[in-house]
Number of protein chains: 2
Amino acid sequence: MSEPKTADEPEENVGILNSNSFDPAALDSLTGELHDLVARRSVLGPCYRLFYHKPLHLVRGRGTRLFDADGTEYLDMYNNIPSIGHSNPVVTEAVTRQLGLINTHTRYVHENILDYAEELLATMPAALDCIMFMCSGSEANDLAVRCAQLYSGGEGIIVTSEAYHGNTALISGFSPSIGHDVPMSRTMRMIPSPDTYRLGTDDIGEWMCGRISEQIADMRRHGIEFAGVLLDSIFSSDGVVPGRAGFLKPVVDLVHAEGGVYIADEVQPGFCRTGKAFWGFARHGIEPDIVTMGKPMANGIPCSAMAIKSEVLDAFAERNPYFNTFAGNPVAMAAARAVLHYMQDNDLLAHVDRIGDALVAELERIAAAHPVLGDIRGTGLFVGVDIVRPGTTEPDRALAVRLIEQLRENRVLISLCGATGSILKIRPPLVFDEEDLAFFADALERSLTQLGA
Amino acid sequence: MSEPKTADEPEENVGILNSNSFDPAALDSLTGELHDLVARRSVLGPCYRLFYHKPLHLVRGRGTRLFDADGTEYLDMYNNIPSIGHSNPVVTEAVTRQLGLINTHTRYVHENILDYAEELLATMPAALDCIMFMCSGSEANDLAVRCAQLYSGGEGIIVTSEAYHGNTALISGFSPSIGHDVPMSRTMRMIPSPDTYRLGTDDIGEWMCGRISEQIADMRRHGIEFAGVLLDSIFSSDGVVPGRAGFLKPVVDLVHAEGGVYIADEVQPGFCRTGKAFWGFARHGIEPDIVTMGKPMANGIPCSAMAIKSEVLDAFAERNPYFNTFAGNPVAMAAARAVLHYMQDNDLLAHVDRIGDALVAELERIAAAHPVLGDIRGTGLFVGVDIVRPGTTEPDRALAVRLIEQLRENRVLISLCGATGSILKIRPPLVFDEEDLAFFADALERSLTQLGA
């Protein structure tokens, strides 16, 4: 799933000067080639944003490392699209080979889409027996919501209050983190972010059920029938909330008891990211009705998908054909298959699980000396760290912004999320290793010390 | 733009057995590897369709030619995505080179998106001064409609009655050709397909203005303010309607006089396709407020865009950030730039103009002996041919379906469009040449003779 500007820099709360994005009014603070490149971006209009007060001009990447135009090397602790590493040659080879053969669409028979579809569904519960392909996570969620609405006969969708699920007209209305000025869907209801830190427990299934029941009652009061929930399995934009494995079980049961469809948005948590299981939902032992996925699927070649129970799809399929020109084409499928094989052949899941635990342990060690790291919660290689005023749970957005700028000075790229944009979002490529961890821990300790935090 | 099943095979009119798509119930009519591959497609669910009563298993392509698993060679007269030819090595080289360097997103500075944005906007009127990138034509139209609505303050959008503009929740509602069972947007109004053949003139600007005025009046009667029109510049799904160059001028003037936004959907007509000008709208000498594009943009690497006047974009931009994970990434931009350079370096526009005239001349020669070819209308390499009962303008859908199946037997791939699915949609890769033309003309003559038509 693409992420909103506001998941990382919620301007409505803090203003651009206190965010981790470049302020276009500060163009004159830049010099040389960077100044000229940023100036030329006016051709893209005002909707685009750049990370950092001094934007990065990246020209090369390999594994977990990125290189800017001056040759400076950075450790990438943020980008999950190049999940098997920047410029992984297995993807380049697969794409190059297939581009040399053929790249048509799904109205002709081709084995790539079938081979991949079967292999990918084999990673999921058997009830998820159909898979359809799209180009972006937004398109996958757009279709998923329509399927849920037609199957349930309702229109009401529940999301979390800082969720981001995509940028289409429909899905923007289910993505409150895009910003307070963007109108939300009239048939959408929000529950609060499942903030395990401030709720004081990581076992929040019953708490979520209570909030969801309230919102179902409210939508029915307004004549809107419940269609289902659309939930990121690790609540990425809400602040990264792994919680106790299994806490989502009562939520699925409640959704089904109320006649709704459970859509697991796996655009960020999927594909080994959360360790323990290939899918974020699988870590909870639940069986969603629909699973959407995207970002890391083909290491940057546009590719997304919706896996669905065939009985849920039937309500859509009996009225709607679906064709998506580029989606599922032989090149995208070759790239996606190369990614999946790389993950399986290298047992990336076990690696992520092991190194993810080591990452959390290092963060906890550092937090002991730096109490601004108020809460550390992670599973696999997806970790959220609340930056707070020491001794409190009060978010310190200003420090969080200074910290990621300081980390950049110390050659580590990272970003922020959550309602107040004060939570470190740690999500490196999955090939992150012990050497990377040592580099990161050193940079984080130095950055905190340099900031007097 | 992806195209609907029903633009090519309007099942609601004719039933699948009389369409040019494979009937899944006929699986047992297939044998060997093809049977097994088609059987495996059940994993994709019931929304997917295959061309032809006996589906094609294509394994290789080069230029205008496609090869199936048995080694049989076909002339591709239909696919516009591989606009500079199937497997063109300039795209493979550009993609391979960039994949080896870096493939991040638009929150870091990269020159590829800037170089391409500037070069692409240089092909358009200066007033179209901003460009934003997406992954699919659907996403481009989805955003374009939202921009038009926010700029105009209205919600009402007018399209043609057989239009196809995409597959998102919003844009499905503006795509009547998807099928009669798909609910259309309540704020959408349709005008009839601009059927120059049956209207008896190709100068239909005033006729269109009359129909649009009626629909604006109707939407206002219902309390819906007019937001604009969304029109394919050659009305691809309505049956391919080039019309007299310039006939769209009064339409643009009317739309502006009524406070609306003119969105030119160039997903099919753009990128030299219609000859005379790089863009379908430019052939008419008009200046749209928004231009959407996709299909041929990067020869099959997912890539689309929306060019827009900055004053129209501002209404959206002041409330909405926009981020699209894969869109505008360095690899997609490298592929798109390779396509654009290939078109410019080889003066493909002049080639398309010349060979397109020759194609129409050949079709007219053949029609003299085969009066089932009732109307031939083309510009550049986009030609529609109405298949009719001789001496009448009555569509002959059954013959049209038999003709494309017969053409396939004679090694030519082509498809159908229009309300009754009886119009040949001729739209080969733009590298189509004299040898291809001779092959096509021979196959068409033989096919018609074999069918006794």
# chains A, B, ... in the order shown; residues from 1 in each chain; ligands from 1
$ interface_residues --of "chain A" --to "chain B" --cutoff "6 Å" --atoms "only C-alpha atoms" --output "ChimeraX atom specification"
/A:2,43-45,47,49-51,56-57,60-61,87,92,96,99-102,107-109,130-132,181,302,317,319,321-322,324-326
$ residues_around --residues "Ala350 of chain A" --least-positions-apart "6" --cutoff "9 Å" --atoms "only C-alpha atoms" --output "list in words"
Cys272, Gly275 and Lys276 of chain A
$ write_last_selection --atoms "C-alpha atoms" --output "PDB file, in the first residue's frame"
ATOM      1  CA  CYS A 272       7.539 -12.348   5.933  1.00  0.00           C
ATOM      2  CA  GLY A 275       8.241 -12.835  11.274  1.00  0.00           C
ATOM      3  CA  LYS A 276       6.534 -15.851  12.922  1.00  0.00           C
TER       4      LYS A 276
END
$ atom_distance --atom1 "atom CA of Val401 of chain A" --atom2 "atom CA of Ser193 of chain A"
21.2 Å
$ residues_around --residues "Leu349 of chain B" --least-positions-apart "4" --cutoff "12 Å" --atoms "only C-alpha atoms" --output "PyMOL selection string"
chain B and resi 83-84+270-280+283+340+342-345+353-356+379-381+430-431
$ write_last_selection --atoms "N, CA, C and O atoms" --output "mmCIF file, in the first residue's frame"
data_model
loop_
_atom_site.group_PDB
_atom_site.id
_atom_site.type_symbol
_atom_site.label_atom_id
_atom_site.label_comp_id
_atom_site.auth_asym_id
_atom_site.auth_seq_id
_atom_site.Cartn_x
_atom_site.Cartn_y
_atom_site.Cartn_z
ATOM 1 N N SER B 83 3.296 -0.824 -27.954
ATOM 2 C CA SER B 83 3.115 0.133 -29.039
ATOM 3 C C SER B 83 4.357 0.235 -29.923
ATOM 4 O O SER B 83 4.258 0.390 -31.142
ATOM 5 N N ILE B 84 5.539 0.139 -29.344
ATOM 6 C CA ILE B 84 6.759 0.183 -30.159
ATOM 7 C C ILE B 84 7.239 -1.240 -30.468
ATOM 8 O O ILE B 84 8.390 -1.454 -30.845
ATOM 9 N N GLY B 270 -3.779 8.086 -27.259
ATOM 10 C CA GLY B 270 -2.543 8.842 -27.126
ATOM 11 C C GLY B 270 -1.305 8.156 -27.672
ATOM 12 O O GLY B 270 -1.346 7.018 -28.118
ATOM 13 N N PHE B 271 -0.189 8.878 -27.652
ATOM 14 C CA PHE B 271 1.134 8.354 -28.021
ATOM 15 C C PHE B 271 1.195 7.912 -29.487
ATOM 16 O O PHE B 271 1.564 6.768 -29.781
ATOM 17 N N CYS B 272 0.829 8.839 -30.390
ATOM 18 C CA CYS B 272 0.959 8.673 -31.853
ATOM 19 C C CYS B 272 -0.112 7.781 -32.464
ATOM 20 O O CYS B 272 -0.156 7.649 -33.694
ATOM 21 N N ARG B 273 -0.932 7.165 -31.673
ATOM 22 C CA ARG B 273 -1.874 6.163 -32.169
ATOM 23 C C ARG B 273 -2.745 6.672 -33.316
ATOM 24 O O ARG B 273 -2.958 5.971 -34.304
ATOM 25 N N THR B 274 -3.263 7.889 -33.191
ATOM 26 C CA THR B 274 -4.225 8.372 -34.186
ATOM 27 C C THR B 274 -3.575 9.116 -35.351
ATOM 28 O O THR B 274 -4.282 9.680 -36.185
ATOM 29 N N GLY B 275 -2.228 9.101 -35.415
ATOM 30 C CA GLY B 275 -1.577 9.835 -36.497
ATOM 31 C C GLY B 275 -1.878 11.328 -36.384
ATOM 32 O O GLY B 275 -2.474 11.788 -35.421
ATOM 33 N N LYS B 276 -1.432 12.096 -37.374
ATOM 34 C CA LYS B 276 -1.699 13.552 -37.445
ATOM 35 C C LYS B 276 -1.102 14.326 -36.270
ATOM 36 O O LYS B 276 -0.554 15.414 -36.460
ATOM 37 N N ALA B 277 -1.261 13.816 -35.057
ATOM 38 C CA ALA B 277 -0.746 14.496 -33.869
ATOM 39 C C ALA B 277 -0.399 13.444 -32.831
ATOM 40 O O ALA B 277 -0.897 12.318 -32.872
ATOM 41 N N PHE B 278 0.469 13.843 -31.896
ATOM 42 C CA PHE B 278 0.922 12.903 -30.872
ATOM 43 C C PHE B 278 -0.238 12.448 -29.990
ATOM 44 O O PHE B 278 -0.262 11.315 -29.509
ATOM 45 N N TRP B 279 -1.211 13.344 -29.793
ATOM 46 C CA TRP B 279 -2.365 13.044 -28.937
ATOM 47 C C TRP B 279 -3.643 13.060 -29.756
ATOM 48 O O TRP B 279 -3.785 13.873 -30.676
ATOM 49 N N GLY B 280 -4.585 12.227 -29.386
ATOM 50 C CA GLY B 280 -5.877 12.214 -30.063
ATOM 51 C C GLY B 280 -6.576 13.565 -29.991
ATOM 52 O O GLY B 280 -7.176 14.022 -30.969
ATOM 53 N N ARG B 283 -5.223 16.253 -32.493
ATOM 54 C CA ARG B 283 -5.738 16.149 -33.860
ATOM 55 C C ARG B 283 -6.957 17.067 -34.044
ATOM 56 O O ARG B 283 -7.217 17.573 -35.131
ATOM 57 N N LEU B 340 9.186 6.852 -25.366
ATOM 58 C CA LEU B 340 9.038 8.194 -25.958
ATOM 59 C C LEU B 340 10.192 8.497 -26.917
ATOM 60 O O LEU B 340 9.979 8.995 -28.029
ATOM 61 N N TYR B 342 12.057 6.354 -28.493
ATOM 62 C CA TYR B 342 11.936 5.503 -29.674
ATOM 63 C C TYR B 342 10.941 6.124 -30.657
ATOM 64 O O TYR B 342 11.172 6.158 -31.858
ATOM 65 N N MET B 343 9.816 6.598 -30.125
ATOM 66 C CA MET B 343 8.807 7.228 -30.982
ATOM 67 C C MET B 343 9.377 8.461 -31.685
ATOM 68 O O MET B 343 9.169 8.666 -32.882
ATOM 69 N N GLN B 344 10.098 9.271 -30.929
ATOM 70 C CA GLN B 344 10.621 10.519 -31.487
ATOM 71 C C GLN B 344 11.796 10.257 -32.428
ATOM 72 O O GLN B 344 11.860 10.809 -33.528
ATOM 73 N N ASP B 345 12.716 9.373 -32.014
ATOM 74 C CA ASP B 345 13.907 9.121 -32.827
ATOM 75 C C ASP B 345 13.553 8.479 -34.165
ATOM 76 O O ASP B 345 14.261 8.656 -35.156
ATOM 77 N N ASP B 353 0.996 7.834 -39.555
ATOM 78 C CA ASP B 353 0.122 8.602 -40.436
ATOM 79 C C ASP B 353 0.101 7.978 -41.838
ATOM 80 O O ASP B 353 -0.972 7.745 -42.413
ATOM 81 N N ARG B 354 1.278 7.652 -42.336
ATOM 82 C CA ARG B 354 1.396 7.123 -43.697
ATOM 83 C C ARG B 354 0.812 5.710 -43.793
ATOM 84 O O ARG B 354 -0.032 5.427 -44.653
ATOM 85 N N ILE B 355 1.233 4.838 -42.883
ATOM 86 C CA ILE B 355 0.790 3.439 -42.975
ATOM 87 C C ILE B 355 -0.688 3.325 -42.604
ATOM 88 O O ILE B 355 -1.404 2.447 -43.119
ATOM 89 N N GLY B 356 -1.159 4.236 -41.769
ATOM 90 C CA GLY B 356 -2.578 4.243 -41.408
ATOM 91 C C GLY B 356 -3.442 4.564 -42.631
ATOM 92 O O GLY B 356 -4.487 3.931 -42.854
ATOM 93 N N THR B 379 -8.029 6.803 -38.248
ATOM 94 C CA THR B 379 -7.001 7.832 -38.324
ATOM 95 C C THR B 379 -5.765 7.202 -37.702
ATOM 96 O O THR B 379 -5.841 6.577 -36.640
ATOM 97 N N GLY B 380 -4.627 7.337 -38.401
ATOM 98 C CA GLY B 380 -3.434 6.661 -37.941
ATOM 99 C C GLY B 380 -3.670 5.166 -37.898
ATOM 100 O O GLY B 380 -4.324 4.597 -38.783
ATOM 101 N N LEU B 381 -3.182 4.519 -36.853
ATOM 102 C CA LEU B 381 -3.343 3.069 -36.742
ATOM 103 C C LEU B 381 -4.445 2.704 -35.763
ATOM 104 O O LEU B 381 -4.294 1.824 -34.904
ATOM 105 N N LEU B 430 2.433 0.091 -33.226
ATOM 106 C CA LEU B 430 2.684 1.185 -34.172
ATOM 107 C C LEU B 430 3.831 0.888 -35.140
ATOM 108 O O LEU B 430 4.027 1.628 -36.111
ATOM 109 N N VAL B 431 4.584 -0.174 -34.901
ATOM 110 C CA VAL B 431 5.663 -0.542 -35.820
ATOM 111 C C VAL B 431 5.131 -1.376 -36.989
ATOM 112 O O VAL B 431 5.913 -1.874 -37.809
#
$ select_by_dssp --residues "segment 145-355 of chain A" --states "helix (DSSP H, G or I)" --output "MDAnalysis selection string"
chainID A and resid 145:152 169:172 176:178 196:199 205:221 249:257 280:283 295:298 310:317 330:345 348:355
$ atom_distance --atom1 "atom CA of His35 of chain A" --atom2 "atom CA of Arg337 of chain B"
23.2 Å
$ select_by_dssp --residues "segment 50-269 of chain B" --states "strand (DSSP E)" --output "MDAnalysis selection string"
chainID B and resid 58:62 65:68 73:76 130:134 156:160 188:191 226:232 261:265
$ write_last_selection --atoms "N, CA, C and O atoms" --output "compact mmCIF listing (two decimals), in the first residue's frame"
# COMPACT_ATOMS: atom_id res chain seq x y z
N LEU B 58 0.19 -17.79 -25.68
CA LEU B 58 1.29 -17.07 -26.33
C LEU B 58 2.55 -17.13 -25.48
O LEU B 58 2.48 -16.92 -24.26
N VAL B 59 3.66 -17.41 -26.12
CA VAL B 59 4.90 -17.57 -25.35
C VAL B 59 6.01 -16.60 -25.75
O VAL B 59 6.99 -16.45 -25.03
N ARG B 60 5.84 -15.94 -26.92
CA ARG B 60 6.93 -15.10 -27.40
C ARG B 60 6.33 -14.04 -28.33
O ARG B 60 5.30 -14.29 -28.99
N GLY B 61 6.94 -12.86 -28.36
CA GLY B 61 6.51 -11.82 -29.27
C GLY B 61 7.70 -11.01 -29.75
O GLY B 61 8.72 -10.91 -29.05
N ARG B 62 7.57 -10.46 -30.93
CA ARG B 62 8.64 -9.60 -31.46
C ARG B 62 8.00 -8.67 -32.48
O ARG B 62 7.36 -9.13 -33.42
N ARG B 65 4.62 -9.35 -34.24
CA ARG B 65 4.32 -10.78 -34.32
C ARG B 65 4.31 -11.45 -32.94
O ARG B 65 5.13 -11.13 -32.07
N LEU B 66 3.38 -12.39 -32.82
CA LEU B 66 3.25 -13.18 -31.60
C LEU B 66 3.35 -14.66 -31.96
O LEU B 66 2.93 -15.06 -33.05
N PHE B 67 3.88 -15.46 -31.05
CA PHE B 67 4.08 -16.88 -31.30
C PHE B 67 3.45 -17.69 -30.18
O PHE B 67 3.67 -17.40 -29.01
N ASP B 68 2.67 -18.71 -30.56
CA ASP B 68 2.06 -19.53 -29.52
C ASP B 68 2.97 -20.71 -29.16
O ASP B 68 4.07 -20.86 -29.71
N GLU B 73 2.93 -18.52 -35.76
CA GLU B 73 3.14 -17.08 -35.75
C GLU B 73 1.85 -16.35 -36.08
O GLU B 73 1.13 -16.75 -37.00
N TYR B 74 1.57 -15.29 -35.35
CA TYR B 74 0.38 -14.46 -35.59
C TYR B 74 0.80 -13.02 -35.82
O TYR B 74 1.75 -12.54 -35.19
N LEU B 75 0.04 -12.34 -36.67
CA LEU B 75 0.18 -10.89 -36.80
C LEU B 75 -0.76 -10.25 -35.77
O LEU B 75 -1.97 -10.52 -35.77
N ASP B 76 -0.22 -9.40 -34.93
CA ASP B 76 -1.01 -8.75 -33.89
C ASP B 76 -1.61 -7.46 -34.44
O ASP B 76 -0.91 -6.49 -34.68
N CYS B 130 1.28 20.66 -15.38
CA CYS B 130 1.63 19.72 -14.31
C CYS B 130 1.34 18.30 -14.77
O CYS B 130 0.41 18.05 -15.53
N ILE B 131 2.12 17.37 -14.26
CA ILE B 131 1.86 15.96 -14.55
C ILE B 131 2.12 15.13 -13.31
O ILE B 131 3.08 15.36 -12.57
N MET B 132 1.21 14.21 -13.05
CA MET B 132 1.33 13.29 -11.91
C MET B 132 1.25 11.87 -12.44
O MET B 132 0.57 11.61 -13.44
N PHE B 133 1.91 10.95 -11.75
CA PHE B 133 2.02 9.58 -12.25
C PHE B 133 1.26 8.59 -11.39
O PHE B 133 1.15 8.74 -10.17
N MET B 134 0.71 7.58 -12.07
CA MET B 134 -0.02 6.49 -11.43
C MET B 134 0.44 5.17 -12.06
O MET B 134 1.33 5.18 -12.91
N GLY B 156 -21.50 16.17 -11.30
CA GLY B 156 -22.03 15.52 -12.49
C GLY B 156 -21.00 15.35 -13.61
O GLY B 156 -20.37 16.31 -14.05
N ILE B 157 -20.86 14.12 -14.06
CA ILE B 157 -19.90 13.79 -15.12
C ILE B 157 -20.67 13.18 -16.29
O ILE B 157 -21.54 12.33 -16.09
N ILE B 158 -20.33 13.60 -17.50
CA ILE B 158 -20.97 13.07 -18.70
C ILE B 158 -19.98 12.20 -19.48
O ILE B 158 -18.83 12.61 -19.69
N VAL B 159 -20.45 11.03 -19.87
CA VAL B 159 -19.65 10.11 -20.70
C VAL B 159 -20.52 9.62 -21.85
O VAL B 159 -21.72 9.88 -21.88
N THR B 160 -19.91 8.88 -22.77
CA THR B 160 -20.69 8.28 -23.86
C THR B 160 -21.24 6.92 -23.42
O THR B 160 -20.71 6.30 -22.49
N MET B 188 -23.73 10.49 -12.79
CA MET B 188 -23.25 10.36 -14.17
C MET B 188 -24.44 10.41 -15.13
O MET B 188 -25.52 9.92 -14.82
N ARG B 189 -24.23 11.05 -16.29
CA ARG B 189 -25.21 11.01 -17.36
C ARG B 189 -24.51 10.56 -18.63
O ARG B 189 -23.33 10.84 -18.82
N MET B 190 -25.25 9.88 -19.49
CA MET B 190 -24.68 9.37 -20.74
C MET B 190 -25.25 10.11 -21.94
O MET B 190 -26.45 10.42 -21.97
N ILE B 191 -24.42 10.33 -22.94
CA ILE B 191 -24.91 10.72 -24.26
C ILE B 191 -24.72 9.51 -25.17
O ILE B 191 -23.88 8.65 -24.90
N PHE B 226 -22.99 20.36 -12.72
CA PHE B 226 -22.13 19.82 -13.78
C PHE B 226 -20.66 19.97 -13.39
O PHE B 226 -20.21 21.06 -13.05
N ALA B 227 -19.91 18.87 -13.45
CA ALA B 227 -18.48 18.92 -13.16
C ALA B 227 -17.63 18.83 -14.42
O ALA B 227 -16.54 19.38 -14.47
N GLY B 228 -18.14 18.14 -15.42
CA GLY B 228 -17.35 18.05 -16.65
C GLY B 228 -17.65 16.80 -17.47
O GLY B 228 -18.57 16.04 -17.15
N VAL B 229 -16.87 16.64 -18.52
CA VAL B 229 -17.00 15.47 -19.38
C VAL B 229 -15.72 14.65 -19.30
O VAL B 229 -14.64 15.17 -19.06
N LEU B 230 -15.89 13.35 -19.49
CA LEU B 230 -14.77 12.41 -19.54
C LEU B 230 -14.93 11.68 -20.87
O LEU B 230 -15.80 10.82 -21.02
N LEU B 231 -14.11 12.08 -21.85
CA LEU B 231 -14.30 11.58 -23.21
C LEU B 231 -13.01 11.01 -23.79
O LEU B 231 -11.98 11.70 -23.81
N ASP B 232 -13.07 9.79 -24.25
CA ASP B 232 -11.99 9.17 -25.02
C ASP B 232 -11.91 9.93 -26.35
O ASP B 232 -12.91 10.07 -27.05
N VAL B 261 -15.20 20.86 -16.59
CA VAL B 261 -13.82 20.51 -16.90
C VAL B 261 -13.84 19.47 -18.03
O VAL B 261 -14.62 18.51 -18.00
N TYR B 262 -12.97 19.66 -19.01
CA TYR B 262 -12.88 18.70 -20.12
C TYR B 262 -11.72 17.75 -19.84
O TYR B 262 -10.55 18.16 -19.84
N ILE B 263 -12.06 16.48 -19.60
CA ILE B 263 -11.03 15.45 -19.39
C ILE B 263 -10.91 14.64 -20.67
O ILE B 263 -11.87 13.99 -21.09
N ALA B 264 -9.74 14.68 -21.29
CA ALA B 264 -9.48 13.86 -22.47
C ALA B 264 -8.86 12.55 -22.01
O ALA B 264 -7.75 12.54 -21.47
N ASP B 265 -9.57 11.45 -22.21
CA ASP B 265 -9.03 10.13 -21.89
C ASP B 265 -8.21 9.67 -23.10
O ASP B 265 -8.76 9.29 -24.13
$ closest_residue --among "B:Leu407, B:Leu363, B:Val388, B:Leu348" --to "Ala441 of chain B" --atoms "only C-alpha atoms"
B:Leu363
$ atom_distance --atom1 "atom CA of Leu373 of chain A" --atom2 "atom CA of Gly391 of chain A"
10.2 Å
$ residues_around --residues "Gly418 of chain A" --least-positions-apart "6" --cutoff "7 Å" --atoms "only C-alpha atoms" --output "list in words"
Ala7, Glu162, Ser237, Asp238 and Gly239 of chain A
$ residues_around --residues "Cys209 of chain B" --least-positions-apart "6" --cutoff "12 Å" --atoms "only C-alpha atoms" --output "VMD selection string"
chain B and resid 158 191 to 192 194 203 215 to 216 229 247 to 258
